[in-house]
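Coordinates from my_file-v8.pdb are shown below (PDB, C-alpha atoms).
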```pdb
ATOM      1  CA  LEU Y   1      47.065   7.032  96.971  1.00  0.00           C
ATOM      2  CA  SER Y   2      45.301  10.364  96.633  1.00  0.00           C
ATOM      3  CA  LEU Y   3      41.572  10.132  95.919  1.00  0.00           C
ATOM      4  CA  PHE Y   4      39.681  13.178  94.640  1.00  0.00           C
ATOM      5  CA  SER Y   5      43.113  14.752  94.207  1.00  0.00           C
ATOM      6  CA  SER Y   6      42.187  17.812  92.143  1.00  0.00           C
ATOM      7  CA  ALA Y   7      45.504  19.369  91.027  1.00  0.00           C
ATOM      8  CA  GLY Y   8      47.328  17.974  94.053  1.00  0.00           C
ATOM      9  CA  ILE Y   9      47.423  20.993  96.343  1.00  0.00           C
ATOM     10  CA  GLY Y  10      46.901  18.739  99.374  1.00  0.00           C
ATOM     11  CA  GLU Y  11      49.978  16.745  98.364  1.00  0.00           C
ATOM     12  CA  THR Y  12      52.314  19.698  97.860  1.00  0.00           C
ATOM     13  CA  TYR Y  13      54.590  19.246 100.863  1.00  0.00           C
ATOM     14  CA  LEU Y  14      54.131  15.558 101.608  1.00  0.00           C
ATOM     15  CA  SER Y  15      57.269  14.497  99.738  1.00  0.00           C
ATOM     16  CA  GLU Y  16      59.281  16.778 102.053  1.00  0.00           C
ATOM     17  CA  ILE Y  17      58.289  14.545 104.976  1.00  0.00           C
ATOM     18  CA  GLY Y  18      58.844  11.266 103.135  1.00  0.00           C
ATOM     19  CA  ILE Y  19      55.362  10.620 101.733  1.00  0.00           C
ATOM     20  CA  ASP Y  20      55.322  10.114  97.985  1.00  0.00           C
ATOM     21  CA  ILE Y  21      51.955   9.968  96.265  1.00  0.00           C
ATOM     22  CA  ILE Y  22      52.356   7.345  93.563  1.00  0.00           C
ATOM     23  CA  VAL Y  23      48.730   7.097  92.386  1.00  0.00           C
ATOM     24  CA  ALA Y  24      46.078   9.805  92.204  1.00  0.00           C
ATOM     25  CA  ASN Y  25      42.559  10.001  90.845  1.00  0.00           C
ATOM     26  CA  GLU Y  26      40.780  13.102  89.595  1.00  0.00           C
ATOM     27  CA  LEU Y  27      37.518  13.383  87.664  1.00  0.00           C
ATOM     28  CA  ILE Y  28      38.119  16.680  85.851  1.00  0.00           C
ATOM     29  CA  GLU Y  29      40.634  16.405  82.991  1.00  0.00           C
ATOM     30  CA  LYS Y  30      42.120  19.919  83.355  1.00  0.00           C
ATOM     31  CA  ARG Y  31      42.867  19.275  87.015  1.00  0.00           C
ATOM     32  CA  ALA Y  32      44.244  15.798  86.310  1.00  0.00           C
ATOM     33  CA  ASN Y  33      46.519  17.229  83.612  1.00  0.00           C
ATOM     34  CA  LEU Y  34      47.824  19.862  86.023  1.00  0.00           C
ATOM     35  CA  HIS Y  35      48.356  17.146  88.654  1.00  0.00           C
ATOM     36  CA  SER Y  36      50.416  15.175  86.123  1.00  0.00           C
ATOM     37  CA  LYS Y  37      52.561  18.228  85.397  1.00  0.00           C
ATOM     38  CA  LEU Y  38      53.090  19.016  89.085  1.00  0.00           C
ATOM     39  CA  PHE Y  39      53.737  15.368  90.025  1.00  0.00           C
ATOM     40  CA  PRO Y  40      55.327  13.705  86.980  1.00  0.00           C
ATOM     41  CA  ASN Y  41      56.296  10.574  88.968  1.00  0.00           C
ATOM     42  CA  CYS Y  42      52.691   9.967  90.025  1.00  0.00           C
ATOM     43  CA  ASN Y  43      50.299   7.794  88.025  1.00  0.00           C
ATOM     44  CA  THR Y  44      47.405  10.265  87.746  1.00  0.00           C
ATOM     45  CA  ILE Y  45      44.281   8.405  86.663  1.00  0.00           C
ATOM     46  CA  CYS Y  46      41.684  10.713  85.169  1.00  0.00           C
ATOM     47  CA  GLY Y  47      38.128   9.490  85.350  1.00  0.00           C
ATOM     48  CA  ASP Y  48      34.995   8.912  87.387  1.00  0.00           C
ATOM     49  CA  ILE Y  49      35.703   6.805  90.491  1.00  0.00           C
ATOM     50  CA  THR Y  50      32.129   5.453  90.295  1.00  0.00           C
ATOM     51  CA  ASN Y  51      33.014   3.795  86.972  1.00  0.00           C
ATOM     52  CA  LYS Y  52      34.022   0.182  87.767  1.00  0.00           C
ATOM     53  CA  GLU Y  53      36.799   0.213  85.173  1.00  0.00           C
ATOM     54  CA  ILE Y  54      38.328   3.427  86.589  1.00  0.00           C
ATOM     55  CA  PHE Y  55      38.017   2.214  90.196  1.00  0.00           C
ATOM     56  CA  SER Y  56      39.664  -1.108  89.268  1.00  0.00           C
ATOM     57  CA  LYS Y  57      42.478   0.774  87.534  1.00  0.00           C
ATOM     58  CA  ILE Y  58      43.042   2.889  90.676  1.00  0.00           C
ATOM     59  CA  ILE Y  59      43.095  -0.188  92.931  1.00  0.00           C
ATOM     60  CA  GLU Y  60      45.393  -2.173  90.641  1.00  0.00           C
ATOM     61  CA  ALA Y  61      47.885   0.698  90.424  1.00  0.00           C
ATOM     62  CA  SER Y  62      47.770   1.171  94.216  1.00  0.00           C
ATOM     63  CA  LYS Y  63      48.631  -2.371  95.352  1.00  0.00           C
ATOM     64  CA  GLY Y  64      51.118  -2.195  98.227  1.00  0.00           C
ATOM     65  CA  ILE Y  65      50.541   1.442  99.185  1.00  0.00           C
ATOM     66  CA  ASP Y  66      50.761   2.440 102.871  1.00  0.00           C
ATOM     67  CA  PHE Y  67      48.775   5.672 102.875  1.00  0.00           C
ATOM     68  CA  ILE Y  68      45.473   6.925 101.457  1.00  0.00           C
ATOM     69  CA  ILE Y  69      44.537  10.589 101.461  1.00  0.00           C
ATOM     70  CA  ALA Y  70      41.087  11.607 100.324  1.00  0.00           C
ATOM     71  CA  SER Y  71      39.250  14.889  99.907  1.00  0.00           C
ATOM     72  CA  PRO Y  72      35.840  13.951  98.517  1.00  0.00           C
ATOM     73  CA  PRO Y  73      33.904  16.767  96.846  1.00  0.00           C
ATOM     74  CA  CYS Y  74      32.731  19.260  99.434  1.00  0.00           C
ATOM     75  CA  GLN Y  75      30.014  20.977  97.394  1.00  0.00           C
ATOM     76  CA  GLY Y  76      27.296  18.636  98.667  1.00  0.00           C
ATOM     77  CA  MET Y  77      28.278  19.307 102.297  1.00  0.00           C
ATOM     78  CA  SER Y  78      29.198  22.956 102.174  1.00  0.00           C
ATOM     79  CA  ILE Y  79      26.735  25.288 103.871  1.00  0.00           C
ATOM     80  CA  ALA Y  80      27.772  27.839 101.236  1.00  0.00           C
ATOM     81  CA  GLY Y  81      26.228  25.589  98.567  1.00  0.00           C
ATOM     82  CA  LYS Y  82      22.643  24.765  97.689  1.00  0.00           C
ATOM     83  CA  ASN Y  83      22.275  22.252 100.525  1.00  0.00           C
ATOM     84  CA  ARG Y  84      21.552  24.347 103.593  1.00  0.00           C
ATOM     85  CA  ASP Y  85      20.640  21.643 106.098  1.00  0.00           C
ATOM     86  CA  ILE Y  86      21.537  18.077 107.048  1.00  0.00           C
ATOM     87  CA  GLU Y  87      18.437  16.605 105.335  1.00  0.00           C
ATOM     88  CA  GLN Y  88      19.305  18.227 101.991  1.00  0.00           C
ATOM     89  CA  MET Y  89      22.921  17.142 102.373  1.00  0.00           C
ATOM     90  CA  ALA Y  90      21.891  13.531 102.998  1.00  0.00           C
ATOM     91  CA  GLN Y  91      20.067  13.508  99.638  1.00  0.00           C
ATOM     92  CA  ASP Y  92      23.070  14.785  97.634  1.00  0.00           C
ATOM     93  CA  SER Y  93      24.700  11.864  95.793  1.00  0.00           C
ATOM     94  CA  ARG Y  94      28.126  13.567  95.932  1.00  0.00           C
ATOM     95  CA  ASN Y  95      28.146  12.933  99.663  1.00  0.00           C
ATOM     96  CA  THR Y  96      28.096   9.161  99.157  1.00  0.00           C
ATOM     97  CA  LEU Y  97      31.335   9.238  97.128  1.00  0.00           C
ATOM     98  CA  ILE Y  98      33.061   8.621 100.477  1.00  0.00           C
ATOM     99  CA  ASN Y  99      31.937   4.990 100.034  1.00  0.00           C
ATOM    100  CA  TYR Y 100      34.704   4.573  97.447  1.00  0.00           C
ATOM    101  CA  VAL Y 101      37.225   5.602 100.094  1.00  0.00           C
ATOM    102  CA  PHE Y 102      35.772   2.903 102.373  1.00  0.00           C
ATOM    103  CA  ASP Y 103      36.084   0.370  99.526  1.00  0.00           C
ATOM    104  CA  ALA Y 104      39.699   1.354  98.827  1.00  0.00           C
ATOM    105  CA  ILE Y 105      40.579   0.936 102.512  1.00  0.00           C
ATOM    106  CA  GLU Y 106      38.942  -2.506 102.590  1.00  0.00           C
ATOM    107  CA  ILE Y 107      40.800  -3.674  99.490  1.00  0.00           C
ATOM    108  CA  LEU Y 108      44.221  -2.053  99.989  1.00  0.00           C
ATOM    109  CA  HIS Y 109      44.617  -2.233 103.800  1.00  0.00           C
ATOM    110  CA  PRO Y 110      46.792   0.902 104.030  1.00  0.00           C
ATOM    111  CA  LYS Y 111      48.671   1.629 107.225  1.00  0.00           C
ATOM    112  CA  TYR Y 112      47.379   5.219 107.394  1.00  0.00           C
ATOM    113  CA  VAL Y 113      44.327   7.077 106.100  1.00  0.00           C
ATOM    114  CA  LEU Y 114      43.718  10.836 106.127  1.00  0.00           C
ATOM    115  CA  ILE Y 115      40.336  12.207 105.050  1.00  0.00           C
ATOM    116  CA  GLU Y 116      39.912  15.983 104.790  1.00  0.00           C
ATOM    117  CA  ASN Y 117      36.912  18.141 104.023  1.00  0.00           C
ATOM    118  CA  VAL Y 118      34.648  20.929 105.249  1.00  0.00           C
ATOM    119  CA  PRO Y 119      33.586  20.704 108.938  1.00  0.00           C
ATOM    120  CA  GLN Y 120      30.163  19.317 107.924  1.00  0.00           C
ATOM    121  CA  LEU Y 121      31.958  16.047 107.059  1.00  0.00           C
ATOM    122  CA  LEU Y 122      31.841  15.206 110.762  1.00  0.00           C
ATOM    123  CA  LYS Y 123      28.094  15.952 111.073  1.00  0.00           C
ATOM    124  CA  ILE Y 124      26.549  14.743 107.832  1.00  0.00           C
ATOM    125  CA  LYS Y 125      24.751  11.399 107.849  1.00  0.00           C
ATOM    126  CA  ILE Y 126      24.680   9.038 104.891  1.00  0.00           C
ATOM    127  CA  PRO Y 127      22.931   5.689 104.410  1.00  0.00           C
ATOM    128  CA  HIS Y 128      24.729   2.637 105.848  1.00  0.00           C
ATOM    129  CA  ASN Y 129      23.125  -0.701 106.738  1.00  0.00           C
ATOM    130  CA  ASN Y 130      19.630   0.776 106.319  1.00  0.00           C
ATOM    131  CA  GLN Y 131      20.393   3.587 108.773  1.00  0.00           C
ATOM    132  CA  MET Y 132      21.562   7.167 108.501  1.00  0.00           C
ATOM    133  CA  MET Y 133      25.013   7.345 110.093  1.00  0.00           C
ATOM    134  CA  THR Y 134      27.916   9.769 110.379  1.00  0.00           C
ATOM    135  CA  ILE Y 135      31.121   9.086 108.445  1.00  0.00           C
ATOM    136  CA  VAL Y 136      33.049   8.523 111.689  1.00  0.00           C
ATOM    137  CA  ASP Y 137      30.434   6.037 112.949  1.00  0.00           C
ATOM    138  CA  ILE Y 138      30.648   4.114 109.671  1.00  0.00           C
ATOM    139  CA  LEU Y 139      34.459   4.091 109.811  1.00  0.00           C
ATOM    140  CA  ASN Y 140      34.333   2.773 113.387  1.00  0.00           C
ATOM    141  CA  ILE Y 141      31.921  -0.006 112.426  1.00  0.00           C
ATOM    142  CA  LYS Y 142      33.949  -1.014 109.369  1.00  0.00           C
ATOM    143  CA  PHE Y 143      37.493  -0.464 110.621  1.00  0.00           C
ATOM    144  CA  GLY Y 144      37.421   0.217 114.365  1.00  0.00           C
ATOM    145  CA  ASP Y 145      38.910  -3.195 115.167  1.00  0.00           C
ATOM    146  CA  LYS Y 146      42.004  -2.488 113.022  1.00  0.00           C
ATOM    147  CA  TYR Y 147      42.542   1.264 113.283  1.00  0.00           C
ATOM    148  CA  ASN Y 148      42.560   4.061 115.807  1.00  0.00           C
ATOM    149  CA  ILE Y 149      40.122   6.530 114.267  1.00  0.00           C
ATOM    150  CA  ASP Y 150      40.407  10.137 115.377  1.00  0.00           C
ATOM    151  CA  ALA Y 151      38.503  13.122 114.007  1.00  0.00           C
ATOM    152  CA  LYS Y 152      38.173  16.807 114.691  1.00  0.00           C
ATOM    153  CA  SER Y 153      37.706  20.171 113.047  1.00  0.00           C
ATOM    154  CA  ILE Y 154      40.746  22.435 112.907  1.00  0.00           C
ATOM    155  CA  ASP Y 155      41.497  25.942 111.664  1.00  0.00           C
ATOM    156  CA  ALA Y 156      44.420  26.148 109.252  1.00  0.00           C
ATOM    157  CA  SER Y 157      45.348  29.569 110.676  1.00  0.00           C
ATOM    158  CA  ASP Y 158      46.407  27.770 113.876  1.00  0.00           C
ATOM    159  CA  TYR Y 159      49.099  25.973 111.870  1.00  0.00           C
ATOM    160  CA  GLY Y 160      50.841  28.788 110.031  1.00  0.00           C
ATOM    161  CA  VAL Y 161      48.467  29.233 107.083  1.00  0.00           C
ATOM    162  CA  PRO Y 162      47.602  32.906 106.526  1.00  0.00           C
ATOM    163  CA  GLN Y 163      43.910  32.157 106.121  1.00  0.00           C
ATOM    164  CA  THR Y 164      41.061  31.238 108.451  1.00  0.00           C
ATOM    165  CA  ARG Y 165      40.072  27.902 106.935  1.00  0.00           C
ATOM    166  CA  HIS Y 166      38.164  25.397 109.019  1.00  0.00           C
ATOM    167  CA  ARG Y 167      38.634  21.789 107.951  1.00  0.00           C
ATOM    168  CA  ALA Y 168      37.440  18.438 109.215  1.00  0.00           C
ATOM    169  CA  ILE Y 169      40.248  15.901 109.519  1.00  0.00           C
ATOM    170  CA  ILE Y 170      39.792  12.172 110.060  1.00  0.00           C
ATOM    171  CA  LYS Y 171      42.953  10.194 110.816  1.00  0.00           C
ATOM    172  CA  MET Y 172      43.265   6.424 110.835  1.00  0.00           C
ATOM    173  CA  ALA Y 173      46.350   4.586 112.084  1.00  0.00           C
ATOM    174  CA  PRO Y 174      47.103   1.049 113.311  1.00  0.00           C
ATOM    175  CA  LYS Y 175      46.021   0.272 116.877  1.00  0.00           C
ATOM    176  CA  ASP Y 176      49.641   0.127 118.074  1.00  0.00           C
ATOM    177  CA  ILE Y 177      50.573   3.577 116.709  1.00  0.00           C
ATOM    178  CA  GLU Y 178      49.668   6.918 118.239  1.00  0.00           C
ATOM    179  CA  TRP Y 179      49.212   9.555 115.531  1.00  0.00           C
ATOM    180  CA  LYS Y 180      49.249  12.784 117.514  1.00  0.00           C
ATOM    181  CA  TRP Y 181      47.645  16.043 116.463  1.00  0.00           C
ATOM    182  CA  ALA Y 182      50.050  18.895 115.829  1.00  0.00           C
ATOM    183  CA  GLU Y 183      50.026  21.569 118.493  1.00  0.00           C
ATOM    184  CA  PRO Y 184      48.551  24.880 117.296  1.00  0.00           C
ATOM    185  CA  GLU Y 185      51.078  27.655 116.807  1.00  0.00           C
ATOM    186  CA  GLU Y 186      50.888  30.649 119.107  1.00  0.00           C
ATOM    187  CA  ASN Y 187      51.326  33.346 116.457  1.00  0.00           C
ATOM    188  CA  ILE Y 188      48.716  33.696 113.756  1.00  0.00           C
ATOM    189  CA  ILE Y 189      50.165  34.838 110.425  1.00  0.00           C
ATOM    190  CA  SER Y 190      48.072  37.388 108.545  1.00  0.00           C
ATOM    191  CA  VAL Y 191      47.904  37.636 104.781  1.00  0.00           C
ATOM    192  CA  ARG Y 192      49.757  40.974 105.102  1.00  0.00           C
ATOM    193  CA  ASP Y 193      52.544  39.260 107.106  1.00  0.00           C
ATOM    194  CA  ALA Y 194      52.783  36.444 104.559  1.00  0.00           C
TER     195      ALA Y 194
END
```

In structure tokens, write the structure found in this file.
Amino acid sequence: LSLFSSAGIGETYLSEIGIDIIVANELIEKRANLHSKLFPNCNTICGDITNKEIFSKIIEASKGIDFIIASPPCQGMSIAGKNRDIEQMAQDSRNTLINYVFDAIEILHPKYVLIENVPQLLKIKIPHNNQMMTIVDILNIKFGDKYNIDAKSIDASDYGVPQTRHRAIIKMAPKDIEWKWAEPEENIISVRDA
């Protein structure tokens, strides 16, 4: 299941390693249409995840899945956007869309979860149980007894991408499985080289 899938760029090479995205959700129709063209075997559900009917449709179509990937909107967390500090970010309703990822995990019980976003994802605090908490703290409270939860910020240029692109990655796997981080590559590829 791919939540906040956009046109599916994050899913591009997953099928090459045996991960087939069978359900995706995207709010913006143009992006959802492109996703459908790029991934014709995927049930791309276009609509607002905060709409109960859309969320129910996503969950129903995803019964039995083993893997959730999610890239919630980054605009509310990006320091390049209008929210320049943690307090402003905490007030941006887009930053609470991660709650739908939590709900999907609770309902679907996937084996693996991968959440990706801007580095601020690991610092921002959102309301949970009448407190302001980080996403990782909330995940540990909700799922720490079932999953190993590991998070860090990486630079895509360390992994063969010809672009300096810092991303926060949160990985969740069953307690009995070690999901290792890939080792950074020694040679950085420039755009010119690519």

Any chance you could resolve the PyMOL selection byres ((chain Y and resi 43-53) around 9) against this file and give the residues as a short mmCIF file (atom, residue, chain, number, x, y, z; two decimals) with C-alpha atoms, keeping the file's coordinate frame?
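Output saved as result02.cif:
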```cif
data_model
loop_
_atom_site.label_atom_id
_atom_site.label_comp_id
_atom_site.auth_asym_id
_atom_site.auth_seq_id
_atom_site.Cartn_x
_atom_site.Cartn_y
_atom_site.Cartn_z
CA LEU Y 3 41.57 10.13 95.92
CA PHE Y 4 39.68 13.18 94.64
CA SER Y 5 43.11 14.75 94.21
CA ILE Y 21 51.96 9.97 96.26
CA ILE Y 22 52.36 7.34 93.56
CA VAL Y 23 48.73 7.10 92.39
CA ALA Y 24 46.08 9.80 92.20
CA ASN Y 25 42.56 10.00 90.84
CA GLU Y 26 40.78 13.10 89.60
CA LEU Y 27 37.52 13.38 87.66
CA ILE Y 28 38.12 16.68 85.85
CA GLU Y 29 40.63 16.40 82.99
CA ARG Y 31 42.87 19.27 87.02
CA ALA Y 32 44.24 15.80 86.31
CA ASN Y 33 46.52 17.23 83.61
CA HIS Y 35 48.36 17.15 88.65
CA SER Y 36 50.42 15.18 86.12
CA PHE Y 39 53.74 15.37 90.02
CA PRO Y 40 55.33 13.70 86.98
CA ASN Y 41 56.30 10.57 88.97
CA CYS Y 42 52.69 9.97 90.02
CA ILE Y 54 38.33 3.43 86.59
CA PHE Y 55 38.02 2.21 90.20
CA SER Y 56 39.66 -1.11 89.27
CA LYS Y 57 42.48 0.77 87.53
CA ILE Y 58 43.04 2.89 90.68
CA ALA Y 61 47.88 0.70 90.42
CA LEU Y 97 31.34 9.24 97.13
CA TYR Y 100 34.70 4.57 97.45
#
```

Answer key for the PyMOL selection byres ((chain Y and resi 68-72) around 6), residues as an MDAnalysis selection string = chainID Y and resid 1:4 67 73 113:117

Can you list, as an mmCIF file with C-alpha atoms, keeping the file's coordinate frame, every protein, DNA or RNA residue that comes within 9 Å of Y:Leu139 when you count all atoms listed in the file, leaving out same-chain residues fewer than 4 positions away?
```cif
data_model
loop_
_atom_site.group_PDB
_atom_site.id
_atom_site.type_symbol
_atom_site.label_atom_id
_atom_site.label_comp_id
_atom_site.auth_asym_id
_atom_site.auth_seq_id
_atom_site.Cartn_x
_atom_site.Cartn_y
_atom_site.Cartn_z
ATOM 1 C CA PHE Y 102 35.772 2.903 102.373
ATOM 2 C CA THR Y 134 27.916 9.769 110.379
ATOM 3 C CA ILE Y 135 31.121 9.086 108.445
ATOM 4 C CA PHE Y 143 37.493 -0.464 110.621
ATOM 5 C CA GLY Y 144 37.421 0.217 114.365
ATOM 6 C CA ILE Y 149 40.122 6.530 114.267
#
```

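Nearest to Y:Asp158 of all the residues Y:Pro110, Y:Gly8, Y:Pro127, Y:Pro184 is Y:Pro184, based on all atoms listed in the file.
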
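Selection result for the displayed file, with the PyMOL selection byres ((chain Y and resi 147) around 9) as criterion, is Lys111, Tyr112, Asn140, Phe143, Gly144, Asp145, Lys146, Asn148, Ile149, Met172, Ala173, Pro174, Lys175 and Asp176 of chain Y.
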